[in-house]
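Listing of final_8.cif; format and content: mmCIF, C-alpha atoms.
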```cif
data_coords
loop_
_atom_site.label_atom_id
_atom_site.label_comp_id
_atom_site.auth_asym_id
_atom_site.auth_seq_id
_atom_site.Cartn_x
_atom_site.Cartn_y
_atom_site.Cartn_z
CA MET A 1 -7.23 -10.33 -14.19
CA THR A 2 -7.47 -10.46 -10.43
CA SER A 3 -5.04 -12.73 -8.64
CA THR A 4 -6.50 -15.60 -6.66
CA VAL A 5 -4.26 -14.88 -3.69
CA ARG A 6 -5.71 -12.37 -1.26
CA TYR A 7 -3.90 -11.00 1.74
CA LEU A 8 -5.21 -10.27 5.22
CA VAL A 9 -3.15 -7.33 6.44
CA GLY A 10 -1.89 -7.71 10.00
CA PRO A 11 -1.77 -4.85 12.53
CA ARG A 12 1.99 -4.36 12.47
CA LEU A 13 1.97 -4.34 8.66
CA LEU A 14 -0.82 -1.75 8.65
CA ILE A 15 1.22 0.42 11.03
CA GLY A 16 4.19 -0.07 8.70
CA LEU A 17 2.12 1.00 5.69
CA CYS A 18 1.01 4.15 7.52
CA ASN A 19 4.59 4.89 8.55
CA LYS A 20 6.10 4.00 5.16
CA GLU A 21 8.44 1.44 6.67
CA THR A 22 10.70 -0.21 4.10
CA LYS A 23 9.40 -3.76 4.64
CA ALA A 24 5.79 -2.64 4.29
CA VAL A 25 6.41 -0.46 1.23
CA GLU A 26 8.41 -3.19 -0.52
CA TRP A 27 5.51 -5.60 0.04
CA ALA A 28 2.99 -2.97 -1.15
CA LYS A 29 4.89 -2.72 -4.43
CA THR A 30 4.06 -6.37 -5.12
CA VAL A 31 0.29 -6.28 -4.55
CA GLN A 32 -2.82 -4.46 -5.70
CA GLU A 33 -5.43 -3.02 -3.36
CA ALA A 34 -8.06 -5.39 -4.74
CA ASP A 35 -6.02 -8.30 -3.39
CA CYS A 36 -5.92 -6.85 0.12
CA VAL A 37 -8.37 -7.52 2.92
CA LEU A 38 -8.54 -5.40 6.05
CA SER A 39 -10.34 -6.63 9.14
CA ARG A 40 -12.06 -3.94 11.14
CA LEU A 41 -10.42 -5.67 14.11
CA THR A 42 -6.99 -4.86 12.65
CA ILE A 43 -7.98 -1.22 12.29
CA ALA A 44 -9.28 -1.21 15.88
CA ILE A 45 -6.00 -2.69 17.14
CA VAL A 46 -3.99 -0.03 15.30
CA ARG A 47 -6.25 2.71 16.71
CA SER A 48 -5.57 1.32 20.18
CA VAL A 49 -1.81 1.23 19.51
CA ILE A 50 -1.90 4.85 18.40
CA ASN A 51 -3.89 5.94 21.46
CA SER A 52 -1.57 4.17 23.87
CA GLY A 53 1.72 4.74 22.02
CA ALA A 54 1.53 8.41 21.02
CA THR A 55 3.32 10.73 23.40
CA THR A 56 1.58 13.96 22.39
CA GLU A 57 -1.88 14.91 21.19
CA LEU A 58 -0.38 16.24 17.96
CA GLN A 59 1.37 12.95 17.29
CA ARG A 60 -1.83 11.04 18.06
CA GLN A 61 -3.80 13.15 15.57
CA ASP A 62 -1.04 12.80 12.99
CA TRP A 63 -1.11 9.01 13.24
CA HIS A 64 -4.89 8.78 13.20
CA HIS A 65 -4.89 10.95 10.08
CA ALA A 66 -2.34 8.67 8.40
CA LEU A 67 -4.36 5.59 9.39
CA ASN A 68 -7.63 7.05 8.09
CA ALA A 69 -5.99 8.11 4.82
CA THR A 70 -4.36 4.70 4.37
CA VAL A 71 -7.56 2.76 5.03
CA SER A 72 -9.77 5.01 2.90
CA ARG A 73 -7.41 4.87 -0.07
CA MET A 74 -7.09 1.13 0.19
CA GLU A 75 -10.87 0.79 0.31
CA ALA A 76 -11.35 3.20 -2.60
CA GLY A 77 -8.84 1.17 -4.58
CA GLY A 78 -10.78 -2.04 -4.09
CA ALA A 79 -9.52 -3.50 -0.81
CA THR A 80 -12.15 -5.41 1.15
CA LEU A 81 -13.12 -4.53 4.71
CA VAL A 82 -14.37 -7.46 6.76
CA ASP A 83 -15.96 -7.83 10.18
CA LEU A 84 -15.86 -10.70 12.61
CA ASN A 85 -18.83 -12.78 11.59
CA GLU A 86 -20.62 -15.89 12.79
CA THR A 87 -18.51 -18.25 10.68
CA ILE A 88 -15.28 -16.82 12.07
CA LEU A 89 -16.56 -17.01 15.64
CA GLU A 90 -17.68 -20.61 15.16
CA LYS A 91 -14.18 -21.54 14.01
CA PHE A 92 -12.44 -19.46 16.70
CA HIS A 93 -12.25 -22.33 19.21
CA GLU A 94 -9.61 -23.99 17.02
CA TYR A 95 -7.16 -21.12 17.41
CA ARG A 96 -8.18 -19.69 20.79
CA THR A 97 -6.16 -22.27 22.69
CA HIS A 98 -3.90 -23.54 19.89
CA VAL A 99 -0.32 -24.13 21.05
CA PRO A 100 2.31 -23.24 20.25
CA LEU A 101 1.49 -19.77 18.95
CA ASP A 102 4.09 -17.50 20.46
CA CYS A 103 5.12 -13.92 19.92
CA THR A 104 8.46 -12.38 20.79
CA THR A 105 8.45 -10.07 23.82
CA PRO A 106 11.23 -8.49 25.90
CA LYS A 107 10.57 -11.26 28.44
CA GLY A 108 10.93 -14.01 25.86
CA ASN A 109 8.29 -15.91 23.93
CA GLU A 110 4.72 -15.48 25.16
CA PRO A 111 1.42 -16.84 23.83
CA VAL A 112 -0.20 -14.75 21.10
CA ALA A 113 -3.11 -12.62 22.32
CA GLN A 114 -6.70 -13.40 21.45
CA ASP A 115 -7.14 -10.45 19.08
CA VAL A 116 -4.43 -11.82 16.78
CA ARG A 117 -5.92 -15.32 17.11
CA LEU A 118 -9.21 -13.88 15.82
CA LEU A 119 -7.35 -12.48 12.83
CA ILE A 120 -5.69 -15.83 12.24
CA THR A 121 -9.15 -17.44 12.34
CA THR A 122 -10.39 -14.84 9.85
CA ALA A 123 -7.58 -15.79 7.46
CA ALA A 124 -8.37 -19.49 7.91
CA VAL A 125 -12.11 -19.09 7.31
CA MET A 126 -11.78 -16.75 4.33
CA ASP A 127 -8.80 -18.59 2.82
CA LEU A 128 -6.63 -15.50 2.99
CA VAL A 129 -2.87 -15.24 3.35
CA PHE A 130 -2.22 -13.67 6.76
CA THR A 131 0.49 -11.13 5.99
CA GLU A 132 2.39 -9.63 8.88
CA TYR A 133 5.88 -8.81 10.11
CA ALA A 134 7.79 -11.99 10.88
CA ASP A 135 7.44 -13.44 14.38
CA VAL A 136 7.65 -16.87 15.96
CA TYR A 137 3.92 -17.59 15.60
CA MET A 138 4.05 -17.04 11.85
CA THR A 139 6.47 -19.95 11.51
CA GLN A 140 4.40 -21.99 13.95
CA LEU A 141 1.32 -21.36 11.82
CA GLN A 142 3.20 -22.56 8.73
CA THR A 143 4.35 -25.77 10.35
CA GLY A 144 1.44 -26.61 12.65
CA THR A 145 -1.70 -25.44 10.85
CA THR A 146 -3.20 -25.06 7.39
CA VAL A 147 -3.37 -21.27 7.71
CA ARG A 148 -1.50 -19.58 4.89
CA VAL A 149 0.91 -16.90 6.10
CA GLN A 150 3.38 -14.49 4.57
CA PRO A 151 5.96 -13.33 7.11
CA LEU A 152 7.70 -10.09 6.08
CA MET B 1 9.22 8.04 -36.96
CA SER B 2 7.86 10.86 -34.81
CA THR B 3 4.29 11.57 -33.80
CA VAL B 4 2.87 15.02 -33.30
CA VAL B 5 0.23 15.32 -30.59
CA LYS B 6 -1.62 18.61 -30.59
CA SER B 7 -2.05 20.08 -27.15
CA ARG B 8 -5.54 21.00 -26.04
CA GLU B 9 -6.13 24.57 -27.00
CA ARG B 10 -6.09 27.40 -24.54
CA ILE B 11 -5.09 25.39 -21.53
CA GLY B 12 -3.39 27.50 -18.92
CA GLY B 13 0.37 27.35 -19.37
CA ASP B 14 1.02 26.14 -15.84
CA VAL B 15 -1.43 23.24 -16.21
CA PHE B 16 0.07 22.16 -19.52
CA ALA B 17 3.61 22.54 -18.18
CA LYS B 18 2.68 20.51 -15.11
CA ALA B 19 1.17 17.77 -17.29
CA LEU B 20 4.34 17.71 -19.40
CA GLU B 21 6.52 17.49 -16.28
CA GLU B 22 4.39 14.61 -15.00
CA LEU B 23 4.56 12.79 -18.34
CA ALA B 24 8.31 13.33 -18.51
CA GLY B 25 8.67 12.01 -14.97
CA LYS B 26 6.71 8.86 -15.83
CA LEU B 27 8.79 8.23 -18.95
CA GLY B 28 12.12 9.26 -17.42
CA LEU B 29 12.55 12.13 -19.92
CA LEU B 30 13.32 15.83 -19.80
CA VAL B 31 11.08 18.63 -21.08
CA SER B 32 12.39 21.17 -23.59
CA ASP B 33 12.73 24.61 -22.01
CA SER B 34 10.19 26.36 -24.22
CA PRO B 35 8.12 25.52 -27.31
CA MET B 36 9.86 25.99 -30.64
CA PRO B 37 7.88 28.43 -32.83
CA ILE B 38 6.58 26.81 -35.99
CA SER B 39 8.56 29.27 -38.11
CA LYS B 40 11.80 28.10 -36.52
CA PHE B 41 10.66 24.47 -36.72
CA LYS B 42 10.35 24.82 -40.51
CA SER B 43 14.01 25.70 -40.78
CA ASP B 44 15.38 23.67 -37.88
CA TYR B 45 13.20 20.60 -37.59
CA SER B 46 16.28 18.36 -37.48
CA GLY B 47 17.48 20.10 -34.31
CA LEU B 48 14.12 19.51 -32.63
CA LEU B 49 14.05 15.88 -33.69
CA ARG B 50 17.60 15.41 -32.40
CA GLY B 51 16.44 16.76 -29.04
CA ALA B 52 13.51 14.31 -29.08
CA MET B 53 15.80 11.42 -29.93
CA ALA B 54 18.11 12.53 -27.09
CA GLY B 55 15.29 12.04 -24.58
CA GLN B 56 13.51 15.39 -24.43
CA LEU B 57 9.81 16.04 -24.82
CA GLN B 58 9.85 18.61 -27.61
CA GLN B 59 7.19 21.28 -27.98
CA ILE B 60 6.18 23.34 -31.01
CA SER B 61 4.02 26.44 -30.88
CA ARG B 62 1.89 28.13 -33.52
CA GLY B 63 0.42 31.25 -32.05
CA ASN B 64 -1.32 30.15 -28.87
CA GLU B 65 -1.48 26.52 -29.93
CA ARG B 66 1.09 24.12 -28.59
CA TYR B 67 2.08 20.73 -29.91
CA LEU B 68 4.18 17.92 -28.55
CA VAL B 69 6.57 15.91 -30.72
CA LEU B 70 7.10 12.33 -29.58
CA THR B 71 9.49 9.74 -30.92
CA GLU B 72 8.36 6.22 -31.66
CA GLU B 73 10.02 4.97 -28.46
CA GLN B 74 8.36 7.66 -26.36
CA VAL B 75 4.90 6.72 -27.65
CA ILE B 76 5.52 3.06 -26.88
CA ALA B 77 6.82 3.96 -23.42
CA MET B 78 3.78 6.19 -22.82
CA VAL B 79 1.38 3.37 -23.66
CA GLY B 80 3.36 0.97 -21.47
CA SER B 81 3.30 3.42 -18.60
CA SER B 82 -0.45 4.06 -18.83
CA SER B 83 -1.30 0.35 -18.95
CA LYS B 84 0.90 -0.54 -15.99
CA ARG B 85 -1.20 -1.87 -13.14
CA ARG B 86 -1.16 0.31 -10.09
CA THR B 87 0.14 -1.29 -6.94
CA LEU B 88 -0.83 -0.65 -3.35
CA ALA B 89 2.44 1.28 -3.01
CA ASP B 90 1.39 3.61 -5.87
CA THR B 91 -1.94 4.26 -4.17
CA LEU B 92 -0.40 4.98 -0.79
CA ALA B 93 2.50 7.05 -2.15
CA SER B 94 0.64 10.31 -1.60
CA VAL B 95 -0.31 9.52 2.01
CA GLN B 96 1.94 11.51 4.28
CA ALA B 97 3.75 9.48 6.91
CA PRO B 98 3.11 10.65 10.47
CA SER B 99 5.85 12.52 12.25
CA GLY B 100 7.56 11.21 15.33
CA HIS B 101 8.26 7.76 16.65
CA LEU B 102 5.28 5.78 17.92
CA ASP B 103 5.69 3.09 20.57
CA THR B 104 4.07 0.16 18.76
CA SER B 105 4.86 -2.50 21.34
CA SER B 106 1.17 -2.85 22.22
CA ALA B 107 0.45 -4.09 18.69
CA MET B 108 1.51 -7.52 19.87
CA MET B 109 0.53 -7.88 23.50
CA PRO B 110 1.08 -11.37 24.92
CA GLY B 111 -1.94 -13.43 25.82
CA SER B 112 -2.53 -15.53 28.87
CA LYS B 113 -0.58 -18.75 29.29
CA HIS B 114 -3.56 -20.39 30.93
CA ASP B 115 -7.19 -20.23 29.93
CA PRO B 116 -8.84 -17.91 32.46
CA TYR B 117 -12.07 -19.83 32.08
CA SER B 118 -12.82 -23.35 33.24
CA LEU B 119 -15.90 -25.46 33.73
CA PRO B 120 -17.10 -25.91 37.28
CA ASN B 121 -16.36 -29.32 38.72
CA LEU B 122 -19.86 -30.74 38.45
CA GLY B 123 -18.89 -34.04 40.07
CA ALA B 124 -17.71 -32.49 43.33
#
```

Could I get this file's structure written as structure tokens?
Amino acid sequence: MTSTVRYLVGPRLLIGLCNKETKAVEWAKTVQEADCVLSRLTIAIVRSVINSGATTELQRQDWHHALNATVSRMEAGGATLVDLNETILEKFHEYRTHVPLDCTTPKGNEPVAQDVRLLITTAAVMDLVFTEYADVYMTQLQTGTTVRVQPL
Amino acid sequence: MSTVVKSRERIGGDVFAKALEELAGKLGLLVSDSPMPISKFKSDYSGLLRGAMAGQLQQISRGNERYLVLTEEQVIAMVGSSSKRRTLADTLASVQAPSGHLDTSSAMMPGSKHDPYSLPNLGA
């Protein structure tokens, strides 16, 4: 029987899954692929992180390979890939300027970028649990919105 | 009670041994070093069954045919293991982690404090 709870995987969690970070792996032990949703925006963000964060071409290729393998196995196992669609974009205005939604940076708390706000909107529209590494905005979502979140 | 499962005939030894190792790994058991010939089994079946009860997957051979002897508990554990739902972690276990540290700070880039867009002041 498929669980009714479905999880929208955040970019930092996806990086953690690729890199086999303890937090990500421990979470992955509790869910099935069929309960996971990946936004193509999340994948695009991770691709961008790899391209800007890798220090050598070999490392870049290594990370892209891990990302491709992770995504393809999740999809083969029943995870759903979603795009930004008209419904999400119509709802986006609610989260585009929502305050407070802050992330932790070396300079202190700063507003969350628009790409993450689009993911938050995706979770809201599709009734998914936005699952991501813990940060200030995750708590703010829990207390100030109806978006379901799972901070790791 | 023990159950005898006949191995598929004429499977390459390495494939069968690999399958046994995998099964033993799933059930948390050891594999007997080599199959016990049926002639020896006839005279020493209690020794083989003791090994099975001690947590070893016991093999018997008759010519080129190989058989596996499983205890009641091992059969139940095997069924439990095969019906266990696979998790995302199981699926991703075989994906190799990339080497080297990646600077992931750009995964969460801060947005603008002020909306860069505004309506023109139509009344002015």

Neighbours of A:Val49 within 8 Å (only C-alpha atoms; same-chain residues fewer than 4 positions away dropped), as an mmCIF file with C-alpha atoms, in the frame of the given file?
```
data_model
loop_
_atom_site.group_PDB
_atom_site.id
_atom_site.type_symbol
_atom_site.label_atom_id
_atom_site.label_comp_id
_atom_site.auth_asym_id
_atom_site.auth_seq_id
_atom_site.Cartn_x
_atom_site.Cartn_y
_atom_site.Cartn_z
ATOM 1 C CA ILE A 45 -6.000 -2.690 17.140
ATOM 2 C CA GLY A 53 1.720 4.740 22.020
ATOM 3 C CA ASP B 103 5.690 3.090 20.570
ATOM 4 C CA THR B 104 4.070 0.160 18.760
ATOM 5 C CA SER B 105 4.860 -2.500 21.340
ATOM 6 C CA SER B 106 1.170 -2.850 22.220
ATOM 7 C CA ALA B 107 0.450 -4.090 18.690
#
```

Exercise. Using only C-alpha atoms, what residues lie at most 7 Å away from (-6.8, -3.6, -5.8) (file coordinates), given as a PyMOL selection string?
Worked result: chain A and resi 32-36+77-79

For this session: Within 6 Å of chain B, which residues of chain A are there when counting all atoms listed in the file? Please give them as a count of residues only.
Result: 15

Problem set entry | Residue members of the PyMOL selection byres ((chain B and resi 38) around 7) in the file shown, as a PyMOL selection string | chain B and resi 36-37+39-42+60-62

For this session: Using the chain letters and numbering of this document, enumerate as a list of chain:residue names the residues selected by the PyMOL selection byres ((chain A and resi 121-125) around 8).
Result: A:Leu8, A:Leu84, A:Thr87, A:Ile88, A:Lys91, A:Phe92, A:Tyr95, A:Arg117, A:Leu118, A:Leu119, A:Ile120, A:Met126, A:Asp127, A:Leu128, A:Val129, A:Phe130, A:Thr146, A:Val147, A:Arg148

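Using all atoms listed in the file for every distance, the candidate list A:Val71, A:Val99, A:Leu58, A:Val25 yields A:Val71 as the residue closest to A:Ala44.
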
For this session: Can you pull out every residue within 9 Å of A:Thr139, counting all atoms listed in the file, but drop anything in the same chain fewer than 3 positions away, and send it as a ChimeraX atom specification?
Result: /A:101,134-136,142-144,149,151

Exercise. Atom CA of B:Asp44 to atom CA of B:Leu68: how many Å, to one decimal?
Worked result: 15.7 Å
